[in-house]
file model.cif (mmCIF, N, CA and C atoms)
data_run
#
loop_
_atom_site.label_atom_id
_atom_site.label_comp_id
_atom_site.auth_asym_id
_atom_site.auth_seq_id
_atom_site.Cartn_x
_atom_site.Cartn_y
_atom_site.Cartn_z
N LEU A 236 -86.73 -111.44 -79.16
CA LEU A 236 -86.98 -111.73 -80.56
C LEU A 236 -88.24 -110.98 -80.98
N LEU A 237 -88.16 -110.25 -82.08
CA LEU A 237 -89.32 -109.55 -82.62
C LEU A 237 -90.27 -110.59 -83.19
N SER A 238 -91.56 -110.47 -82.91
CA SER A 238 -92.52 -111.48 -83.35
C SER A 238 -92.68 -111.48 -84.87
N TYR A 239 -93.22 -112.57 -85.38
CA TYR A 239 -93.46 -112.75 -86.81
C TYR A 239 -94.30 -111.61 -87.37
N SER A 240 -95.29 -111.16 -86.63
CA SER A 240 -96.18 -110.10 -87.10
C SER A 240 -95.59 -108.71 -86.91
N LEU A 241 -94.44 -108.62 -86.27
CA LEU A 241 -93.77 -107.35 -85.94
C LEU A 241 -94.58 -106.52 -84.95
N HIS A 242 -95.54 -107.15 -84.28
CA HIS A 242 -96.43 -106.46 -83.36
C HIS A 242 -95.88 -106.40 -81.95
N SER A 243 -95.06 -107.40 -81.58
CA SER A 243 -94.57 -107.45 -80.21
C SER A 243 -93.16 -108.05 -80.17
N ILE A 244 -92.57 -107.95 -79.01
CA ILE A 244 -91.23 -108.50 -78.77
C ILE A 244 -91.41 -109.62 -77.77
N LEU A 245 -90.92 -110.80 -78.09
CA LEU A 245 -91.03 -111.92 -77.17
C LEU A 245 -89.71 -112.07 -76.44
N MET A 246 -89.75 -111.85 -75.13
CA MET A 246 -88.57 -112.01 -74.28
C MET A 246 -88.70 -113.36 -73.57
N THR A 247 -87.75 -114.25 -73.83
CA THR A 247 -87.81 -115.60 -73.27
C THR A 247 -86.63 -115.82 -72.33
N PHE A 248 -86.91 -116.43 -71.19
CA PHE A 248 -85.89 -116.72 -70.19
C PHE A 248 -85.60 -118.22 -70.23
N ASP A 249 -84.38 -118.61 -69.87
CA ASP A 249 -83.99 -120.02 -69.96
C ASP A 249 -84.46 -120.85 -68.77
N LEU A 250 -85.21 -120.25 -67.84
CA LEU A 250 -85.75 -120.99 -66.70
C LEU A 250 -87.04 -120.33 -66.24
N PRO A 251 -87.91 -121.08 -65.59
CA PRO A 251 -89.17 -120.50 -65.12
C PRO A 251 -88.93 -119.46 -64.02
N LEU A 252 -89.77 -118.44 -64.04
CA LEU A 252 -89.67 -117.37 -63.05
C LEU A 252 -90.87 -117.43 -62.11
N ARG A 253 -90.67 -116.86 -60.93
CA ARG A 253 -91.77 -116.75 -59.96
C ARG A 253 -92.55 -115.50 -60.35
N LEU A 254 -93.75 -115.69 -60.84
CA LEU A 254 -94.57 -114.56 -61.28
C LEU A 254 -95.45 -114.08 -60.14
N SER A 255 -95.68 -112.80 -60.10
CA SER A 255 -96.57 -112.23 -59.09
C SER A 255 -97.40 -111.14 -59.75
N PRO A 256 -98.51 -110.76 -59.15
CA PRO A 256 -99.34 -109.69 -59.73
C PRO A 256 -98.57 -108.38 -59.93
N ALA A 257 -97.52 -108.19 -59.16
CA ALA A 257 -96.72 -106.96 -59.27
C ALA A 257 -96.01 -106.87 -60.63
N LEU A 258 -95.86 -108.00 -61.33
CA LEU A 258 -95.18 -108.00 -62.62
C LEU A 258 -96.13 -107.71 -63.78
N GLY A 259 -97.32 -107.24 -63.49
CA GLY A 259 -98.32 -107.00 -64.52
C GLY A 259 -98.04 -105.83 -65.43
N SER A 260 -97.19 -104.92 -65.04
CA SER A 260 -96.89 -103.76 -65.90
C SER A 260 -95.42 -103.78 -66.30
N CYS A 261 -95.13 -103.15 -67.42
CA CYS A 261 -93.75 -103.09 -67.91
C CYS A 261 -92.84 -102.36 -66.93
N THR A 262 -93.38 -101.34 -66.26
CA THR A 262 -92.57 -100.55 -65.34
C THR A 262 -92.09 -101.36 -64.15
N SER A 263 -92.72 -102.50 -63.87
CA SER A 263 -92.34 -103.29 -62.70
C SER A 263 -91.05 -104.09 -62.91
N PHE A 264 -90.67 -104.37 -64.16
CA PHE A 264 -89.47 -105.20 -64.36
C PHE A 264 -88.53 -104.71 -65.45
N LEU A 265 -88.91 -103.75 -66.30
CA LEU A 265 -88.00 -103.22 -67.31
C LEU A 265 -87.26 -102.00 -66.77
N SER A 266 -86.01 -101.84 -67.16
CA SER A 266 -85.21 -100.71 -66.67
C SER A 266 -85.78 -99.39 -67.21
N PRO A 267 -85.48 -98.27 -66.54
CA PRO A 267 -85.96 -96.97 -67.03
C PRO A 267 -85.51 -96.67 -68.47
N GLY A 268 -84.28 -97.04 -68.82
CA GLY A 268 -83.80 -96.81 -70.18
C GLY A 268 -84.56 -97.60 -71.22
N THR A 269 -84.89 -98.84 -70.89
CA THR A 269 -85.68 -99.68 -71.80
C THR A 269 -87.09 -99.13 -71.92
N LEU A 270 -87.65 -98.65 -70.82
CA LEU A 270 -89.00 -98.08 -70.86
C LEU A 270 -89.07 -96.86 -71.78
N ILE A 271 -88.02 -96.06 -71.82
CA ILE A 271 -87.98 -94.91 -72.72
C ILE A 271 -88.06 -95.39 -74.17
N LEU A 272 -87.28 -96.43 -74.52
CA LEU A 272 -87.32 -96.98 -75.88
C LEU A 272 -88.70 -97.53 -76.24
N MET A 273 -89.41 -98.05 -75.24
CA MET A 273 -90.71 -98.70 -75.47
C MET A 273 -91.84 -97.70 -75.74
N GLY A 274 -91.61 -96.40 -75.55
CA GLY A 274 -92.62 -95.40 -75.86
C GLY A 274 -93.65 -95.23 -74.75
N LYS A 275 -94.72 -94.51 -75.08
CA LYS A 275 -95.76 -94.18 -74.11
C LYS A 275 -96.74 -95.34 -73.95
N ASP A 276 -96.96 -95.75 -72.73
CA ASP A 276 -97.94 -96.78 -72.36
C ASP A 276 -97.70 -98.12 -73.06
N PRO A 277 -96.48 -98.69 -72.93
CA PRO A 277 -96.25 -100.02 -73.50
C PRO A 277 -97.01 -101.07 -72.70
N LYS A 278 -97.25 -102.22 -73.30
CA LYS A 278 -97.94 -103.32 -72.62
C LYS A 278 -96.99 -104.50 -72.51
N CYS A 279 -97.04 -105.20 -71.38
CA CYS A 279 -96.25 -106.40 -71.15
C CYS A 279 -97.18 -107.48 -70.65
N ILE A 280 -97.25 -108.59 -71.39
CA ILE A 280 -98.15 -109.68 -71.03
C ILE A 280 -97.35 -110.96 -70.92
N TRP A 281 -97.37 -111.55 -69.73
CA TRP A 281 -96.65 -112.80 -69.50
C TRP A 281 -97.40 -113.93 -70.18
N GLN A 282 -96.72 -114.63 -71.11
CA GLN A 282 -97.30 -115.77 -71.83
C GLN A 282 -97.19 -117.04 -70.99
N THR A 283 -96.01 -117.23 -70.39
CA THR A 283 -95.73 -118.37 -69.52
C THR A 283 -94.83 -117.85 -68.40
N SER A 284 -94.40 -118.74 -67.52
CA SER A 284 -93.50 -118.30 -66.45
C SER A 284 -92.10 -118.04 -66.96
N SER A 285 -91.85 -118.30 -68.25
CA SER A 285 -90.51 -118.02 -68.79
C SER A 285 -90.54 -117.17 -70.06
N SER A 286 -91.70 -116.58 -70.40
CA SER A 286 -91.74 -115.69 -71.57
C SER A 286 -92.78 -114.59 -71.38
N VAL A 287 -92.41 -113.42 -71.87
CA VAL A 287 -93.29 -112.26 -71.78
C VAL A 287 -93.32 -111.56 -73.13
N ALA A 288 -94.52 -111.12 -73.56
CA ALA A 288 -94.68 -110.35 -74.79
C ALA A 288 -94.64 -108.87 -74.43
N LEU A 289 -93.74 -108.13 -75.07
CA LEU A 289 -93.61 -106.69 -74.86
C LEU A 289 -94.19 -105.99 -76.09
N MET A 290 -95.17 -105.14 -75.88
CA MET A 290 -95.79 -104.41 -76.99
C MET A 290 -95.46 -102.93 -76.85
N PRO A 291 -94.63 -102.42 -77.74
CA PRO A 291 -94.24 -101.00 -77.66
C PRO A 291 -95.46 -100.09 -77.73
N GLY A 292 -95.34 -98.95 -77.08
CA GLY A 292 -96.41 -97.97 -77.08
C GLY A 292 -96.20 -96.89 -78.12
N PHE A 293 -97.00 -95.85 -78.02
CA PHE A 293 -96.94 -94.73 -78.96
C PHE A 293 -95.57 -94.06 -78.92
N ASP A 294 -95.05 -93.70 -80.07
CA ASP A 294 -93.76 -93.02 -80.22
C ASP A 294 -92.59 -93.87 -79.74
N SER A 295 -92.71 -95.17 -79.86
CA SER A 295 -91.61 -96.06 -79.49
C SER A 295 -90.42 -95.81 -80.42
N THR A 296 -89.22 -95.90 -79.87
CA THR A 296 -88.01 -95.76 -80.69
C THR A 296 -87.20 -97.06 -80.71
N ILE A 297 -87.79 -98.13 -80.21
CA ILE A 297 -87.09 -99.40 -80.17
C ILE A 297 -86.96 -99.94 -81.59
N GLU A 298 -85.83 -100.57 -81.88
CA GLU A 298 -85.59 -101.12 -83.21
C GLU A 298 -84.68 -102.33 -83.11
N ILE A 299 -84.51 -103.02 -84.21
CA ILE A 299 -83.62 -104.18 -84.25
C ILE A 299 -82.25 -103.73 -83.73
N LEU A 300 -81.64 -104.55 -82.91
CA LEU A 300 -80.34 -104.33 -82.27
C LEU A 300 -80.40 -103.40 -81.06
N SER A 301 -81.59 -102.91 -80.70
CA SER A 301 -81.71 -102.15 -79.45
C SER A 301 -81.38 -103.10 -78.30
N LYS A 302 -80.77 -102.58 -77.25
CA LYS A 302 -80.44 -103.40 -76.10
C LYS A 302 -81.48 -103.17 -75.01
N LEU A 303 -82.06 -104.27 -74.51
CA LEU A 303 -83.10 -104.21 -73.49
C LEU A 303 -82.54 -104.67 -72.16
N PHE A 304 -82.88 -103.94 -71.10
CA PHE A 304 -82.39 -104.25 -69.76
C PHE A 304 -83.55 -104.45 -68.80
N LEU A 305 -83.31 -105.27 -67.79
CA LEU A 305 -84.28 -105.49 -66.72
C LEU A 305 -83.99 -104.56 -65.56
N ARG A 306 -84.99 -104.32 -64.75
CA ARG A 306 -84.82 -103.59 -63.49
C ARG A 306 -84.19 -104.56 -62.49
N GLU A 307 -83.26 -104.09 -61.70
CA GLU A 307 -82.57 -104.94 -60.72
C GLU A 307 -83.53 -105.52 -59.69
N ASN A 308 -83.29 -106.78 -59.32
CA ASN A 308 -84.02 -107.45 -58.23
C ASN A 308 -85.54 -107.43 -58.39
N THR A 309 -86.02 -107.70 -59.61
CA THR A 309 -87.46 -107.75 -59.83
C THR A 309 -87.94 -109.11 -60.33
N LEU A 310 -87.07 -109.87 -60.99
CA LEU A 310 -87.45 -111.19 -61.48
C LEU A 310 -86.67 -112.25 -60.71
N PHE A 311 -87.39 -113.25 -60.23
CA PHE A 311 -86.78 -114.29 -59.39
C PHE A 311 -87.06 -115.67 -59.95
N ARG A 312 -86.12 -116.58 -59.75
CA ARG A 312 -86.26 -117.96 -60.20
C ARG A 312 -87.40 -118.64 -59.46
N ALA A 313 -88.16 -119.48 -60.16
CA ALA A 313 -89.26 -120.21 -59.54
C ALA A 313 -88.75 -121.27 -58.57
N ASP A 314 -87.63 -121.91 -58.92
CA ASP A 314 -87.12 -122.99 -58.06
C ASP A 314 -86.32 -122.47 -56.87
N ARG A 315 -85.81 -121.24 -56.96
CA ARG A 315 -85.07 -120.63 -55.85
C ARG A 315 -85.53 -119.18 -55.71
N PRO A 316 -86.65 -118.93 -55.07
CA PRO A 316 -87.25 -117.61 -55.01
C PRO A 316 -86.36 -116.50 -54.45
N ALA A 317 -85.31 -116.86 -53.74
CA ALA A 317 -84.42 -115.83 -53.20
C ALA A 317 -83.40 -115.37 -54.24
N ASP A 318 -83.26 -116.09 -55.35
CA ASP A 318 -82.26 -115.76 -56.37
C ASP A 318 -82.86 -114.90 -57.49
N ALA A 319 -82.43 -113.65 -57.54
CA ALA A 319 -82.90 -112.74 -58.59
C ALA A 319 -82.15 -113.03 -59.89
N ILE A 320 -82.81 -112.78 -61.02
CA ILE A 320 -82.18 -112.91 -62.33
C ILE A 320 -81.26 -111.69 -62.49
N PRO A 321 -79.98 -111.89 -62.84
CA PRO A 321 -79.09 -110.74 -63.03
C PRO A 321 -79.61 -109.81 -64.12
N ALA A 322 -79.57 -108.54 -63.86
CA ALA A 322 -80.12 -107.55 -64.79
C ALA A 322 -79.05 -106.73 -65.48
N THR A 323 -77.79 -107.07 -65.30
CA THR A 323 -76.71 -106.20 -65.77
C THR A 323 -76.36 -106.34 -67.24
N SER A 324 -76.49 -107.52 -67.84
CA SER A 324 -75.99 -107.70 -69.20
C SER A 324 -76.96 -107.25 -70.28
N GLY A 325 -78.24 -107.37 -70.07
CA GLY A 325 -79.22 -106.98 -71.08
C GLY A 325 -79.26 -107.96 -72.24
N VAL A 326 -80.23 -107.78 -73.12
CA VAL A 326 -80.36 -108.60 -74.32
C VAL A 326 -80.52 -107.69 -75.52
N VAL A 327 -80.06 -108.17 -76.67
CA VAL A 327 -80.17 -107.40 -77.91
C VAL A 327 -81.40 -107.88 -78.67
N LEU A 328 -82.23 -106.95 -79.13
CA LEU A 328 -83.42 -107.29 -79.88
C LEU A 328 -83.03 -107.85 -81.24
N ALA A 329 -83.43 -109.09 -81.51
CA ALA A 329 -83.09 -109.76 -82.77
C ALA A 329 -84.28 -109.72 -83.72
N GLU A 330 -83.97 -109.86 -85.01
CA GLU A 330 -85.01 -109.93 -86.03
C GLU A 330 -85.80 -111.22 -85.88
N PRO A 331 -87.04 -111.23 -86.35
CA PRO A 331 -87.77 -112.49 -86.34
C PRO A 331 -87.14 -113.45 -87.35
N ALA A 332 -87.30 -114.74 -87.11
CA ALA A 332 -86.75 -115.73 -88.04
C ALA A 332 -87.42 -115.62 -89.40
N GLU A 333 -88.66 -115.17 -89.41
CA GLU A 333 -89.44 -115.10 -90.64
C GLU A 333 -90.41 -113.94 -90.52
N THR A 334 -90.65 -113.20 -91.60
CA THR A 334 -91.63 -112.12 -91.59
C THR A 334 -92.55 -112.28 -92.80
N PHE A 335 -93.62 -111.54 -92.80
CA PHE A 335 -94.51 -111.57 -93.96
C PHE A 335 -94.21 -110.37 -94.85
N ALA A 336 -94.45 -110.54 -96.14
CA ALA A 336 -94.20 -109.46 -97.09
C ALA A 336 -95.32 -108.42 -97.00
N PRO A 337 -94.98 -107.14 -97.09
CA PRO A 337 -96.02 -106.12 -97.07
C PRO A 337 -96.84 -106.20 -98.36
N GLU A 338 -98.07 -105.73 -98.30
CA GLU A 338 -98.92 -105.69 -99.49
C GLU A 338 -98.93 -104.28 -100.03
N LEU A 339 -98.82 -104.17 -101.34
CA LEU A 339 -98.81 -102.88 -102.01
C LEU A 339 -100.19 -102.62 -102.59
N LEU A 340 -100.73 -101.46 -102.35
CA LEU A 340 -102.00 -101.05 -102.90
C LEU A 340 -101.76 -99.82 -103.76
N VAL A 341 -101.93 -99.96 -105.06
CA VAL A 341 -101.72 -98.85 -105.98
C VAL A 341 -103.07 -98.23 -106.27
N CYS A 342 -103.19 -96.94 -106.00
CA CYS A 342 -104.46 -96.22 -106.18
C CYS A 342 -104.36 -95.23 -107.33
N ALA A 343 -103.61 -95.55 -108.34
CA ALA A 343 -103.41 -94.66 -109.48
C ALA A 343 -102.99 -95.50 -110.67
N PRO A 344 -102.85 -94.90 -111.82
CA PRO A 344 -102.36 -95.68 -112.96
C PRO A 344 -101.02 -96.34 -112.64
N GLN A 345 -100.86 -97.58 -113.07
CA GLN A 345 -99.63 -98.31 -112.78
C GLN A 345 -98.55 -98.08 -113.83
N GLN A 346 -98.91 -97.45 -114.95
CA GLN A 346 -97.93 -97.13 -115.98
C GLN A 346 -98.13 -95.70 -116.42
N VAL A 347 -97.03 -95.02 -116.71
CA VAL A 347 -97.07 -93.66 -117.26
C VAL A 347 -96.05 -93.58 -118.38
N SER A 348 -96.23 -92.63 -119.25
CA SER A 348 -95.26 -92.48 -120.34
C SER A 348 -94.01 -91.79 -119.81
N SER A 349 -92.97 -91.81 -120.59
CA SER A 349 -91.69 -91.24 -120.15
C SER A 349 -91.75 -89.73 -119.97
N CYS A 350 -92.74 -89.07 -120.52
CA CYS A 350 -92.84 -87.61 -120.38
C CYS A 350 -93.77 -87.17 -119.26
N GLU A 351 -94.48 -88.11 -118.66
CA GLU A 351 -95.41 -87.76 -117.59
C GLU A 351 -94.69 -87.71 -116.25
N SER A 352 -95.18 -86.86 -115.35
CA SER A 352 -94.60 -86.81 -114.01
C SER A 352 -95.35 -87.78 -113.10
N VAL A 353 -94.66 -88.23 -112.07
CA VAL A 353 -95.22 -89.19 -111.13
C VAL A 353 -94.94 -88.70 -109.72
N THR A 354 -95.93 -88.80 -108.86
CA THR A 354 -95.75 -88.51 -107.44
C THR A 354 -96.03 -89.78 -106.67
N LEU A 355 -95.06 -90.24 -105.90
CA LEU A 355 -95.22 -91.40 -105.03
C LEU A 355 -95.26 -90.90 -103.60
N ASP A 356 -96.32 -91.25 -102.90
CA ASP A 356 -96.48 -90.77 -101.53
C ASP A 356 -96.93 -91.92 -100.64
N ALA A 357 -96.09 -92.30 -99.70
CA ALA A 357 -96.43 -93.35 -98.74
C ALA A 357 -96.58 -92.76 -97.35
N GLY A 358 -96.87 -91.48 -97.30
CA GLY A 358 -96.96 -90.77 -96.02
C GLY A 358 -98.01 -91.31 -95.07
N GLY A 359 -99.02 -91.99 -95.59
CA GLY A 359 -100.07 -92.54 -94.73
C GLY A 359 -99.79 -93.96 -94.29
N THR A 360 -98.60 -94.47 -94.59
CA THR A 360 -98.26 -95.85 -94.26
C THR A 360 -97.51 -95.89 -92.94
N PHE A 361 -97.95 -96.79 -92.06
CA PHE A 361 -97.33 -96.91 -90.75
C PHE A 361 -97.12 -98.35 -90.40
N GLU A 362 -96.21 -98.59 -89.48
CA GLU A 362 -96.04 -99.91 -88.89
C GLU A 362 -96.84 -99.84 -87.60
N ASP A 363 -97.74 -100.77 -87.42
CA ASP A 363 -98.66 -100.72 -86.29
C ASP A 363 -98.10 -101.49 -85.10
N PHE A 364 -97.75 -100.80 -84.03
CA PHE A 364 -97.28 -101.42 -82.79
C PHE A 364 -98.32 -101.16 -81.72
N SER A 365 -99.40 -101.91 -81.76
CA SER A 365 -100.45 -101.82 -80.77
C SER A 365 -100.95 -100.38 -80.67
N ALA A 366 -100.70 -99.70 -79.57
CA ALA A 366 -101.19 -98.33 -79.40
C ALA A 366 -100.33 -97.32 -80.15
N GLY A 367 -99.14 -97.69 -80.55
CA GLY A 367 -98.25 -96.74 -81.20
C GLY A 367 -98.09 -97.03 -82.68
N ARG A 368 -97.84 -95.98 -83.45
CA ARG A 368 -97.60 -96.14 -84.88
C ARG A 368 -96.35 -95.35 -85.24
N ARG A 369 -95.50 -95.96 -86.07
CA ARG A 369 -94.28 -95.29 -86.49
C ARG A 369 -94.23 -95.26 -88.01
N ALA A 370 -93.76 -94.14 -88.56
CA ALA A 370 -93.62 -94.04 -90.00
C ALA A 370 -92.54 -95.01 -90.49
N LEU A 371 -92.77 -95.58 -91.64
CA LEU A 371 -91.80 -96.48 -92.24
C LEU A 371 -90.87 -95.70 -93.17
N LYS A 372 -89.78 -96.30 -93.57
CA LYS A 372 -88.83 -95.69 -94.50
C LYS A 372 -88.93 -96.43 -95.83
N PHE A 373 -88.88 -95.71 -96.93
CA PHE A 373 -89.04 -96.29 -98.25
C PHE A 373 -87.94 -95.87 -99.20
N ALA A 374 -87.65 -96.70 -100.17
CA ALA A 374 -86.80 -96.37 -101.32
C ALA A 374 -87.56 -96.84 -102.55
N TRP A 375 -87.59 -96.03 -103.60
CA TRP A 375 -88.33 -96.36 -104.80
C TRP A 375 -87.37 -96.67 -105.94
N ARG A 376 -87.79 -97.59 -106.81
CA ARG A 376 -87.01 -97.93 -107.99
C ARG A 376 -87.97 -98.11 -109.15
N ALA A 377 -87.63 -97.56 -110.30
CA ALA A 377 -88.45 -97.74 -111.49
C ALA A 377 -87.77 -98.74 -112.41
N GLU A 378 -88.52 -99.76 -112.82
CA GLU A 378 -87.95 -100.75 -113.72
C GLU A 378 -87.73 -100.14 -115.08
N GLY A 379 -86.58 -100.45 -115.67
CA GLY A 379 -86.27 -99.94 -117.01
C GLY A 379 -85.66 -98.56 -117.00
N SER A 380 -85.46 -97.96 -115.84
CA SER A 380 -84.88 -96.62 -115.74
C SER A 380 -83.37 -96.72 -115.60
N THR A 381 -82.69 -95.68 -116.02
CA THR A 381 -81.24 -95.64 -115.83
C THR A 381 -80.87 -95.22 -114.42
N ARG A 382 -81.82 -94.59 -113.71
CA ARG A 382 -81.60 -94.22 -112.32
C ARG A 382 -82.03 -95.38 -111.43
N SER A 383 -81.26 -95.69 -110.39
CA SER A 383 -81.55 -96.86 -109.58
C SER A 383 -82.48 -96.57 -108.40
N VAL A 384 -82.35 -95.43 -107.76
CA VAL A 384 -83.19 -95.09 -106.61
C VAL A 384 -83.66 -93.66 -106.75
N PHE A 385 -84.91 -93.43 -106.43
CA PHE A 385 -85.49 -92.09 -106.54
C PHE A 385 -85.72 -91.51 -105.18
#
call {"tool": "encode", "arguments": {"input": "model.cif", "output": "structure tokens"}}
result
Amino acid sequence: LLSYSLHSILMTFDLPLRLSPALGSCTSFLSPGTLILMGKDPKCIWQTSSSVALMPGFDSTIEILSKLFLRENTLFRADRPADAIPATSGVVLAEPAETFAPELLVCAPQQVSSCESVTLDAGGTFEDFSAGRRALKFAWRAEGSTRSVF
């Protein structure tokens, strides 16, 4: 589940796991394919024995509906340490139940006449994923215009 702040991914397991210092890095339990999606130098921090926060790194390509996989034989049940958690099915990254609305900062006149030209540039806007930043996608609409999207 993507966190409310969109800063991290919370991966929750339905039972407690046996944690060890070896699980301190993402490379120790995420599959190679998932690590590629997570970008350069992702961070993984265990919150409890059944949940871990995954923070994508620079140039991450992970997005809603991406499928995340575990590395085989790396996570084990706390109550039965010999039983590894199956890594074959993977999980699909879901949207957060709730998000916050972005804030708009207008640094120019907010109204122009119908004969004036307007340049809208959001090129400096990014979604901040810890060490990584990704450009956002935008669509513009002018109220009262006959055109719906610019």
call {"tool": "atom_distance", "arguments": {"input": "model.cif", "atom1": "atom C of Arg306 of chain A", "atom2": "atom C of Ile320 of chain A"}}
result
7.7 Å
call {"tool": "closest_residue", "arguments": {"input": "model.cif", "among": "A:Leu300, A:Leu258, A:Val347, A:Leu245", "to": "Val287 of chain A", "atoms": "all atoms listed in the file"}}
result
A:Leu245
call {"tool": "resolve_selection", "arguments": {"input": "model.cif", "expression": "the PyMOL selection byres (((chain A and resi 269-277 and name CA) around 10) and name CA)", "output": "PyMOL selection string"}}
result
chain A and resi 260-262+264-268+278-279+289-298+301-306+325+364-367
call {"tool": "write_last_selection", "arguments": {"input": "model.cif", "atoms": "N, CA and C atoms", "output": "compact mmCIF listing (two decimals), in the frame of the given file"}}
result
# COMPACT_ATOMS: atom_id res chain seq x y z
N SER A 260 -97.19 -104.92 -65.04
CA SER A 260 -96.89 -103.76 -65.90
C SER A 260 -95.42 -103.78 -66.30
N CYS A 261 -95.13 -103.15 -67.42
CA CYS A 261 -93.75 -103.09 -67.91
C CYS A 261 -92.84 -102.36 -66.93
N THR A 262 -93.38 -101.34 -66.26
CA THR A 262 -92.57 -100.55 -65.34
C THR A 262 -92.09 -101.36 -64.15
N PHE A 264 -90.67 -104.37 -64.16
CA PHE A 264 -89.47 -105.20 -64.36
C PHE A 264 -88.53 -104.71 -65.45
N LEU A 265 -88.91 -103.75 -66.30
CA LEU A 265 -88.00 -103.22 -67.31
C LEU A 265 -87.26 -102.00 -66.77
N SER A 266 -86.01 -101.84 -67.16
CA SER A 266 -85.21 -100.71 -66.67
C SER A 266 -85.78 -99.39 -67.21
N PRO A 267 -85.48 -98.27 -66.54
CA PRO A 267 -85.96 -96.97 -67.03
C PRO A 267 -85.51 -96.67 -68.47
N GLY A 268 -84.28 -97.04 -68.82
CA GLY A 268 -83.80 -96.81 -70.18
C GLY A 268 -84.56 -97.60 -71.22
N LYS A 278 -97.25 -102.22 -73.30
CA LYS A 278 -97.94 -103.32 -72.62
C LYS A 278 -96.99 -104.50 -72.51
N CYS A 279 -97.04 -105.20 -71.38
CA CYS A 279 -96.25 -106.40 -71.15
C CYS A 279 -97.18 -107.48 -70.65
N LEU A 289 -93.74 -108.13 -75.07
CA LEU A 289 -93.61 -106.69 -74.86
C LEU A 289 -94.19 -105.99 -76.09
N MET A 290 -95.17 -105.14 -75.88
CA MET A 290 -95.79 -104.41 -76.99
C MET A 290 -95.46 -102.93 -76.85
N PRO A 291 -94.63 -102.42 -77.74
CA PRO A 291 -94.24 -101.00 -77.66
C PRO A 291 -95.46 -100.09 -77.73
N GLY A 292 -95.34 -98.95 -77.08
CA GLY A 292 -96.41 -97.97 -77.08
C GLY A 292 -96.20 -96.89 -78.12
N PHE A 293 -97.00 -95.85 -78.02
CA PHE A 293 -96.94 -94.73 -78.96
C PHE A 293 -95.57 -94.06 -78.92
N ASP A 294 -95.05 -93.70 -80.07
CA ASP A 294 -93.76 -93.02 -80.22
C ASP A 294 -92.59 -93.87 -79.74
N SER A 295 -92.71 -95.17 -79.86
CA SER A 295 -91.61 -96.06 -79.49
C SER A 295 -90.42 -95.81 -80.42
N THR A 296 -89.22 -95.90 -79.87
CA THR A 296 -88.01 -95.76 -80.69
C THR A 296 -87.20 -97.06 -80.71
N ILE A 297 -87.79 -98.13 -80.21
CA ILE A 297 -87.09 -99.40 -80.17
C ILE A 297 -86.96 -99.94 -81.59
N GLU A 298 -85.83 -100.57 -81.88
CA GLU A 298 -85.59 -101.12 -83.21
C GLU A 298 -84.68 -102.33 -83.11
N SER A 301 -81.59 -102.91 -80.70
CA SER A 301 -81.71 -102.15 -79.45
C SER A 301 -81.38 -103.10 -78.30
N LYS A 302 -80.77 -102.58 -77.25
CA LYS A 302 -80.44 -103.40 -76.10
C LYS A 302 -81.48 -103.17 -75.01
N LEU A 303 -82.06 -104.27 -74.51
CA LEU A 303 -83.10 -104.21 -73.49
C LEU A 303 -82.54 -104.67 -72.16
N PHE A 304 -82.88 -103.94 -71.10
CA PHE A 304 -82.39 -104.25 -69.76
C PHE A 304 -83.55 -104.45 -68.80
N LEU A 305 -83.31 -105.27 -67.79
CA LEU A 305 -84.28 -105.49 -66.72
C LEU A 305 -83.99 -104.56 -65.56
N ARG A 306 -84.99 -104.32 -64.75
CA ARG A 306 -84.82 -103.59 -63.49
C ARG A 306 -84.19 -104.56 -62.49
N GLY A 325 -78.24 -107.37 -70.07
CA GLY A 325 -79.22 -106.98 -71.08
C GLY A 325 -79.26 -107.96 -72.24
N PHE A 364 -97.75 -100.80 -84.03
CA PHE A 364 -97.28 -101.42 -82.79
C PHE A 364 -98.32 -101.16 -81.72
N SER A 365 -99.40 -101.91 -81.76
CA SER A 365 -100.45 -101.82 -80.77
C SER A 365 -100.95 -100.38 -80.67
N ALA A 366 -100.70 -99.70 -79.57
CA ALA A 366 -101.19 -98.33 -79.40
C ALA A 366 -100.33 -97.32 -80.15
N GLY A 367 -99.14 -97.69 -80.55
CA GLY A 367 -98.25 -96.74 -81.20
C GLY A 367 -98.09 -97.03 -82.68
call {"tool": "atom_distance", "arguments": {"input": "model.cif", "atom1": "atom CA of Pro316 of chain A", "atom2": "atom CA of Ser263 of chain A"}}
result
17.0 Å
call {"tool": "select_by_dssp", "arguments": {"input": "model.cif", "residues": "segment 261-301 of chain A", "states": "alpha helix (DSSP H)", "output": "PyMOL selection string"}}
result
chain A and resi 267-272
call {"tool": "write_last_selection", "arguments": {"input": "model.cif", "atoms": "N, CA and C atoms", "output": "mmCIF file, in the coordinates of the input"}}
result
data_model
loop_
_atom_site.group_PDB
_atom_site.id
_atom_site.type_symbol
_atom_site.label_atom_id
_atom_site.label_comp_id
_atom_site.auth_asym_id
_atom_site.auth_seq_id
_atom_site.Cartn_x
_atom_site.Cartn_y
_atom_site.Cartn_z
ATOM 1 N N PRO A 267 -85.480 -98.270 -66.540
ATOM 2 C CA PRO A 267 -85.960 -96.970 -67.030
ATOM 3 C C PRO A 267 -85.510 -96.670 -68.470
ATOM 4 N N GLY A 268 -84.280 -97.040 -68.820
ATOM 5 C CA GLY A 268 -83.800 -96.810 -70.180
ATOM 6 C C GLY A 268 -84.560 -97.600 -71.220
ATOM 7 N N THR A 269 -84.890 -98.840 -70.890
ATOM 8 C CA THR A 269 -85.680 -99.680 -71.800
ATOM 9 C C THR A 269 -87.090 -99.130 -71.920
ATOM 10 N N LEU A 270 -87.650 -98.650 -70.820
ATOM 11 C CA LEU A 270 -89.000 -98.080 -70.860
ATOM 12 C C LEU A 270 -89.070 -96.860 -71.780
ATOM 13 N N ILE A 271 -88.020 -96.060 -71.820
ATOM 14 C CA ILE A 271 -87.980 -94.910 -72.720
ATOM 15 C C ILE A 271 -88.060 -95.390 -74.170
ATOM 16 N N LEU A 272 -87.280 -96.430 -74.520
ATOM 17 C CA LEU A 272 -87.320 -96.980 -75.880
ATOM 18 C C LEU A 272 -88.700 -97.530 -76.240
#
